[in-house]
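Colleague: Below is input36.txt; it holds compact mmCIF, C-alpha atoms.
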# COMPACT_ATOMS: atom_id res chain seq x y z
CA MET V 1 -48.38 38.75 -162.04
CA ARG V 2 -45.18 37.95 -160.16
CA ASN V 3 -43.16 34.79 -160.64
CA LEU V 4 -41.74 33.64 -157.28
CA ARG V 5 -38.92 31.16 -156.99
CA LEU V 6 -38.59 29.00 -153.87
CA ILE V 7 -35.80 26.78 -152.57
CA LEU V 8 -37.15 23.99 -150.36
CA SER V 9 -35.74 21.30 -148.13
CA TYR V 10 -37.88 18.35 -147.06
CA ASP V 11 -37.88 15.00 -145.33
CA GLY V 12 -39.59 12.79 -147.89
CA ALA V 13 -40.39 9.96 -145.48
CA GLU V 14 -43.80 11.40 -144.62
CA PHE V 15 -44.87 12.14 -148.19
CA SER V 16 -46.08 10.20 -151.22
CA GLY V 17 -43.56 12.07 -153.33
CA TRP V 18 -43.61 15.59 -154.77
CA GLN V 19 -46.53 15.44 -157.19
CA VAL V 20 -50.14 16.04 -156.09
CA GLN V 21 -52.11 12.79 -155.90
CA PRO V 22 -55.72 12.14 -154.85
CA ASP V 23 -56.04 11.23 -151.17
CA ARG V 24 -52.26 11.30 -150.67
CA THR V 25 -50.04 13.68 -148.70
CA THR V 26 -47.49 15.19 -151.09
CA VAL V 27 -44.95 18.00 -150.94
CA GLN V 28 -46.51 19.85 -153.88
CA GLY V 29 -49.95 19.52 -152.30
CA ALA V 30 -48.79 20.83 -148.92
CA LEU V 31 -47.01 23.77 -150.56
CA ALA V 32 -50.02 24.60 -152.78
CA SER V 33 -52.29 24.58 -149.72
CA ALA V 34 -49.97 26.91 -147.80
CA ILE V 35 -49.72 29.33 -150.74
CA GLY V 36 -53.49 29.30 -151.08
CA ARG V 37 -54.00 30.16 -147.43
CA LEU V 38 -51.72 33.17 -147.76
CA SER V 39 -52.82 34.56 -151.13
CA GLY V 40 -56.34 33.22 -151.56
CA GLU V 41 -55.27 31.93 -154.97
CA ASN V 42 -55.58 28.44 -156.41
CA VAL V 43 -51.92 27.88 -157.30
CA LEU V 44 -50.03 24.70 -158.20
CA PRO V 45 -46.29 25.33 -157.72
CA GLN V 46 -43.99 23.71 -160.29
CA GLY V 47 -40.95 21.80 -159.05
CA SER V 48 -37.63 21.09 -160.74
CA GLY V 49 -38.51 17.39 -160.68
CA ARG V 50 -40.93 14.88 -159.20
CA THR V 51 -39.15 13.19 -156.32
CA ASP V 52 -40.67 9.81 -155.42
CA ALA V 53 -42.27 8.74 -152.16
CA GLY V 54 -39.60 8.60 -149.46
CA VAL V 55 -37.01 10.62 -151.41
CA HIS V 56 -35.56 13.67 -149.65
CA ALA V 57 -34.47 17.10 -150.91
CA LEU V 58 -31.82 19.46 -149.61
CA ALA V 59 -32.54 22.16 -152.21
CA GLN V 60 -35.58 21.48 -154.37
CA VAL V 61 -36.52 24.47 -156.54
CA ALA V 62 -40.11 25.49 -157.29
CA ASN V 63 -41.89 28.47 -158.80
CA PHE V 64 -45.41 29.83 -158.97
CA ALA V 65 -47.23 32.84 -160.38
CA THR V 66 -49.13 35.13 -158.04
CA ALA V 67 -50.96 38.43 -158.11
CA SER V 68 -50.29 38.89 -154.39
CA ALA V 69 -48.27 41.91 -153.24
CA ILE V 70 -46.87 40.07 -150.20
CA PRO V 71 -43.12 40.87 -149.96
CA THR V 72 -40.76 37.94 -150.55
CA GLU V 73 -39.39 38.09 -147.00
CA ASN V 74 -42.93 37.80 -145.63
CA TRP V 75 -43.62 34.79 -147.85
CA LEU V 76 -40.64 33.02 -146.32
CA GLY V 77 -41.74 33.33 -142.72
CA ALA V 78 -45.44 32.84 -143.38
CA LEU V 79 -44.98 29.67 -145.46
CA ASN V 80 -42.76 28.11 -142.79
CA ASP V 81 -45.39 28.95 -140.17
CA ILE V 82 -48.03 27.03 -142.13
CA LEU V 83 -46.06 24.13 -143.61
CA PRO V 84 -45.33 20.97 -141.59
CA ALA V 85 -41.91 20.89 -139.92
CA SER V 86 -40.78 18.28 -142.46
CA ILE V 87 -40.87 20.96 -145.19
CA ARG V 88 -38.84 24.15 -144.89
CA VAL V 89 -38.70 27.02 -147.35
CA LEU V 90 -35.10 28.23 -147.38
CA GLU V 91 -35.41 31.11 -149.82
CA VAL V 92 -38.04 33.12 -151.71
CA THR V 93 -36.97 35.42 -154.55
CA GLU V 94 -38.50 37.23 -157.51
CA ALA V 95 -37.82 35.41 -160.80
CA ALA V 96 -38.07 36.49 -164.41
CA PRO V 97 -41.49 35.81 -165.98
CA GLU V 98 -40.03 33.09 -168.21
CA PHE V 99 -38.36 31.18 -165.36
CA HIS V 100 -39.69 27.64 -164.87
CA ALA V 101 -38.24 25.41 -162.16
CA ARG V 102 -38.17 22.32 -164.38
CA LYS V 103 -37.84 23.65 -167.92
CA SER V 104 -35.11 26.17 -167.05
CA ALA V 105 -32.92 23.67 -165.15
CA ARG V 106 -29.52 22.92 -166.69
CA ALA V 107 -28.11 20.36 -164.24
CA LYS V 108 -29.02 18.46 -161.07
CA THR V 109 -27.01 16.70 -158.40
CA TYR V 110 -28.24 13.70 -156.43
CA ARG V 111 -26.69 11.85 -153.51
CA TYR V 112 -27.40 8.30 -152.37
CA ARG V 113 -26.39 7.12 -148.88
CA ILE V 114 -25.71 3.49 -147.97
CA HIS V 115 -25.04 2.74 -144.31
CA ARG V 116 -22.46 -0.05 -144.12
CA GLY V 117 -22.28 -0.57 -140.35
CA SER V 118 -23.57 -3.79 -138.85
CA ILE V 119 -26.17 -1.82 -136.87
CA CYS V 120 -27.97 1.20 -138.30
CA PRO V 121 -28.76 3.86 -135.66
CA PRO V 122 -32.55 4.24 -135.36
CA PHE V 123 -32.37 7.96 -136.06
CA LEU V 124 -30.71 7.25 -139.42
CA ALA V 125 -32.92 4.36 -140.52
CA ARG V 126 -35.26 6.36 -142.73
CA TYR V 127 -32.48 8.44 -144.30
CA VAL V 128 -30.14 5.70 -145.56
CA TRP V 129 -30.21 2.26 -147.15
CA HIS V 130 -28.83 -0.07 -144.49
CA TYR V 131 -26.67 -2.62 -146.32
CA PRO V 132 -24.26 -4.37 -143.90
CA TYR V 133 -23.49 -7.26 -146.27
CA PRO V 134 -20.14 -7.78 -148.05
CA LEU V 135 -19.42 -5.43 -150.96
CA GLU V 136 -16.27 -4.89 -152.99
CA GLU V 137 -16.44 -1.12 -152.67
CA SER V 138 -13.29 -0.58 -154.73
CA ALA V 139 -14.98 -2.25 -157.71
CA MET V 140 -17.96 0.08 -157.39
CA ILE V 141 -15.65 3.10 -157.14
CA ALA V 142 -13.80 2.00 -160.28
CA ALA V 143 -17.03 1.42 -162.23
CA ALA V 144 -18.68 4.74 -161.34
CA SER V 145 -17.18 6.68 -164.25
CA THR V 146 -18.68 4.21 -166.75
CA VAL V 147 -21.88 6.26 -166.90
CA GLU V 148 -20.16 9.62 -167.39
CA GLY V 149 -20.78 11.22 -170.76
CA THR V 150 -23.85 11.24 -172.99
CA HIS V 151 -25.76 7.95 -173.16
CA ASP V 152 -29.20 6.49 -173.67
CA PHE V 153 -30.21 5.49 -170.13
CA THR V 154 -33.25 3.39 -171.03
CA SER V 155 -31.78 0.43 -169.09
CA PHE V 156 -31.98 2.53 -165.92
CA ALA V 157 -35.36 4.16 -166.52
CA ALA V 158 -38.52 3.00 -164.75
CA VAL V 159 -41.22 1.56 -166.96
CA ASP V 160 -44.21 3.87 -166.49
CA PRO V 161 -47.40 1.79 -166.97
CA GLU V 162 -49.63 4.81 -166.31
CA ARG V 163 -48.01 6.66 -169.19
CA VAL V 164 -48.52 3.67 -171.50
CA GLU V 165 -52.19 3.45 -170.47
CA ARG V 166 -52.72 7.14 -171.30
CA MET V 167 -51.39 6.72 -174.83
CA THR V 168 -53.77 6.39 -177.77
CA ALA V 169 -53.26 3.98 -180.64
CA ASN V 170 -51.66 6.77 -182.69
CA GLU V 171 -49.10 7.77 -180.06
CA SER V 172 -45.63 6.38 -179.45
CA LEU V 173 -42.98 6.63 -176.75
CA THR V 174 -40.84 9.20 -178.55
CA THR V 175 -39.41 11.00 -175.52
CA SER V 176 -35.64 10.72 -175.55
CA ASN V 177 -33.93 8.83 -172.73
CA VAL V 178 -30.56 10.38 -173.62
CA ARG V 179 -28.95 12.26 -170.75
CA THR V 180 -25.45 13.61 -170.03
CA ILE V 181 -23.74 12.69 -166.77
CA PHE V 182 -20.99 15.13 -165.81
CA ARG V 183 -19.81 13.40 -162.64
CA SER V 184 -20.39 9.95 -161.11
CA VAL V 185 -18.43 8.94 -158.00
CA TRP V 186 -18.61 6.63 -154.99
CA SER V 187 -16.84 7.58 -151.77
CA ARG V 188 -16.54 6.22 -148.23
CA GLN V 189 -17.41 8.62 -145.39
CA GLY V 190 -17.23 6.88 -142.02
CA ASP V 191 -19.86 4.13 -141.92
CA GLU V 192 -21.50 5.42 -145.07
CA PHE V 193 -20.77 4.59 -148.70
CA ILE V 194 -22.09 7.50 -150.76
CA TYR V 195 -22.87 7.86 -154.44
CA ALA V 196 -22.87 11.38 -155.92
CA VAL V 197 -24.03 12.02 -159.47
CA ARG V 198 -24.43 15.27 -161.40
CA GLY V 199 -26.14 15.35 -164.79
CA SER V 200 -28.16 17.34 -167.28
CA GLY V 201 -31.28 15.53 -166.13
CA PHE V 202 -32.48 12.20 -164.79
CA LEU V 203 -35.15 9.69 -165.76
CA HIS V 204 -37.71 8.25 -163.36
CA HIS V 205 -35.90 5.95 -160.88
CA MET V 206 -32.64 6.43 -162.82
CA VAL V 207 -30.37 7.12 -159.84
CA ARG V 208 -31.90 4.35 -157.73
CA ASN V 209 -31.56 1.88 -160.62
CA LEU V 210 -27.93 2.91 -161.12
CA VAL V 211 -27.27 2.34 -157.41
CA GLY V 212 -28.96 -1.07 -157.50
CA THR V 213 -26.77 -2.09 -160.45
CA PHE V 214 -23.58 -0.76 -158.86
CA VAL V 215 -24.39 -2.91 -155.81
CA LEU V 216 -24.42 -5.96 -158.12
CA ILE V 217 -20.88 -5.00 -159.11
CA GLY V 218 -19.94 -4.83 -155.44
CA LYS V 219 -21.42 -8.30 -154.88
CA GLY V 220 -19.43 -9.68 -157.82
CA THR V 221 -22.58 -10.58 -159.75
CA VAL V 222 -21.86 -8.04 -162.49
CA GLY V 223 -18.46 -6.96 -163.85
CA ARG V 224 -17.48 -3.52 -165.11
CA GLU V 225 -17.59 -4.78 -168.70
CA ASP V 226 -21.06 -6.20 -168.04
CA PHE V 227 -22.13 -2.78 -166.77
CA GLN V 228 -21.13 -1.25 -170.10
CA GLN V 229 -23.21 -3.84 -171.92
CA ILE V 230 -26.20 -3.13 -169.65
CA LEU V 231 -25.94 0.55 -170.58
CA LYS V 232 -25.85 -0.31 -174.28
CA ALA V 233 -28.73 -2.80 -174.03
CA ARG V 234 -31.38 -0.10 -173.51
CA GLU V 235 -33.53 -2.65 -171.70
CA ARG V 236 -34.70 -2.14 -168.11
CA ALA V 237 -34.59 -5.89 -167.50
CA ALA V 238 -30.84 -5.89 -168.17
CA ALA V 239 -30.03 -3.69 -165.16
CA GLY V 240 -30.16 -4.33 -161.42
CA PRO V 241 -32.98 -3.80 -158.91
CA THR V 242 -34.20 -0.39 -157.78
CA ALA V 243 -32.49 0.77 -154.58
CA PRO V 244 -34.79 1.91 -151.73
CA ALA V 245 -36.08 5.47 -151.93
CA ASN V 246 -35.06 6.55 -148.43
CA GLY V 247 -31.34 6.78 -149.25
CA LEU V 248 -31.80 9.29 -152.09
CA TYR V 249 -31.44 13.09 -151.87
CA LEU V 250 -31.88 15.86 -154.41
CA VAL V 251 -28.89 18.02 -153.50
CA GLU V 252 -28.78 20.89 -155.99
CA VAL V 253 -30.46 22.26 -159.11
CA GLU V 254 -28.46 24.51 -161.44
CA TYR V 255 -29.78 27.14 -163.84
Could the structure of this file be written out as structure tokens, please?
Modeller:
Amino acid sequence: MRNLRLILSYDGAEFSGWQVQPDRTTVQGALASAIGRLSGENVLPQGSGRTDAGVHALAQVANFATASAIPTENWLGALNDILPASIRVLEVTEAAPEFHARKSARAKTYRYRIHRGSICPPFLARYVWHYPYPLEESAMIAAASTVEGTHDFTSFAAVDPERVERMTANESLTTSNVRTIFRSVWSRQGDEFIYAVRGSGFLHHMVRNLVGTFVLIGKGTVGREDFQQILKARERAAAGPTAPANGLYLVEVEY
């Protein structure tokens, strides 16, 4: 068996996220179908993370095991011939047998784009969060470093009701919500205000919940000191709303 590693780029607007779901169009499902057509195998490729519906990826990483002898360069062209234009395979390489796109990852970088112009161009609308309202951007820039370091990010993690429903009476939510953020910065680039964050890993909705809370700082509703208390509270209700999915991009996965 060979272990193939893929780097993918996709426009998430047309998909119900990465993970296969019944009666839904997903990136993982489209990729699995394309692999199956080429190899005749029933394969479920594993991604570095489960991007949500509407979230985009510049360099998602996936891997799958195959007994096929198809050369890697042939996989690249053939997959792109089969996949919809909204998904492109950028690279196919042989990986070590123990490589796993999610378990082997050491760091990820995400980017969130907010369009600040009074009018959002129609060709940008599904790739940014259009927010033309007043924001104290300097306050958001100053507060960005608050989350750097190792913290419990429970306040910024989505509550997963499906996970709770699957638990038995003898189980508990023991998974750690501690993550390390290496870099957290806001910057202005033309009409866009962009958040870039690099960390050891991210919880479900974590980046979007961070962005939603930073926007409260920009509105003057929350101060930098309040942000620190929100982080320490370890309660989702303490933080701000979840920012829209369409402004979020998975930029890079490091191994």
Colleague: For segment 52-120 of chain V against segment 41-44 of chain V, with a cut-off of 12 Å and counting all atoms listed in the file, what is the closest atom pair and its distance in Å to one decimal for every residue that makes the cut, ordered by chain and number, as JSON lines?
Modeller:
{"residue": "V:Ala62", "atom": "CA", "partner": "V:Leu44", "partner_atom": "CA", "distance": 10.0}
{"residue": "V:Asn63", "atom": "CA", "partner": "V:Leu44", "partner_atom": "CA", "distance": 9.0}
{"residue": "V:Phe64", "atom": "CA", "partner": "V:Leu44", "partner_atom": "CA", "distance": 6.9}
{"residue": "V:Ala65", "atom": "CA", "partner": "V:Val43", "partner_atom": "CA", "distance": 7.5}
{"residue": "V:Thr66", "atom": "CA", "partner": "V:Glu41", "partner_atom": "CA", "distance": 7.6}
{"residue": "V:Ala67", "atom": "CA", "partner": "V:Glu41", "partner_atom": "CA", "distance": 8.4}
{"residue": "V:Ser68", "atom": "CA", "partner": "V:Glu41", "partner_atom": "CA", "distance": 8.6}
Colleague: Provide the atom CA of Trp18 of chain V to atom CA of Gly49 of chain V distance in Å, to one decimal place.
Modeller: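 Separating atom CA of Trp18 of chain V from atom CA of Gly49 of chain V is a distance of 8.0 Å.
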Colleague: Would you mind telling me which residue in V:Gly190, V:Pro121, V:Pro134, V:Pro71 lies nearest to Gly218 of chain V when using all atoms listed in the file?
Modeller: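 Going through V:Gly190, V:Pro121, V:Pro134, V:Pro71 one by one, the smallest distance to Gly218 of chain V is for V:Pro134.
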Colleague: Of the residues V:Thr93, V:Gln21, V:Thr109, V:Ser138, which is the one nearest to Phe202 of chain V, using all atoms listed in the file?
Modeller: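 Going through V:Thr93, V:Gln21, V:Thr109, V:Ser138 one by one, the smallest distance to Phe202 of chain V is for V:Thr109.
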Colleague: At most 8 Å is the cut-off: for each residue in segment 94-187 of chain V with any atom that close to an atom of segment 219-239 of chain V, write down the nearest atom pair and the distance in Å rounded to one decimal, counting only C-alpha atoms, chain first then increasing number, as a tab-separated table.
Modeller:
residue	atom	partner	partner_atom	distance
V:Pro134	CA	V:Lys219	CA	7.0
V:Leu135	CA	V:Lys219	CA	5.3
V:Glu136	CA	V:Lys219	CA	6.5
V:Ala139	CA	V:Arg224	CA	7.9
V:Ala143	CA	V:Arg224	CA	5.7
V:Thr146	CA	V:Gln228	CA	6.9
V:Val147	CA	V:Leu231	CA	7.9
V:His151	CA	V:Leu231	CA	7.8
V:Asp152	CA	V:Arg234	CA	6.9
V:Phe153	CA	V:Leu231	CA	6.5
V:Thr154	CA	V:Arg234	CA	4.7
V:Ser155	CA	V:Arg236	CA	4.0
V:Phe156	CA	V:Arg236	CA	5.8
V:Ala157	CA	V:Arg236	CA	6.5
V:Ala158	CA	V:Arg236	CA	7.2
V:Val159	CA	V:Arg236	CA	7.6
Colleague: Counting all atoms listed in the file, figure out which residue out of V:Ala142, V:Ala30, V:Leu4, V:Ala125 gets nearest to Asn80 of chain V.
Modeller: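 Of V:Ala142, V:Ala30, V:Leu4, V:Ala125, the one nearest Asn80 of chain V is V:Ala30, counting all atoms listed in the file.
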Colleague: If we count only C-alpha atoms, what is near Tyr110 of chain V at a cut-off of 6 Å, once residues fewer than 2 positions away on the same chain are taken out, given as a list in words?
Modeller: Ala196, Val197, Tyr249, Leu250 and Val251 of chain V
Colleague: May I have the residues within 7 Å of Ala105 of chain V as a ChimeraX atom specification, using only C-alpha atoms and disregarding those fewer than 3 positions away in the same chain?
Modeller: /V:48,101-102,253-255
Colleague: Given all atoms listed in the file as the basis, pick out the residue of V:Ala32, V:Leu248, V:Leu210, V:Ala96 nearest to Asp11 of chain V.
Modeller: V:Leu248
Colleague: For Glu94 of chain V, work out the shell of residues within 8 Å, counting all atoms listed in the file and skipping chain neighbours fewer than 2 positions away, then give it as JSON, numbers by chain.
Modeller: {"V": [2, 3, 4, 5, 72, 92, 96]}
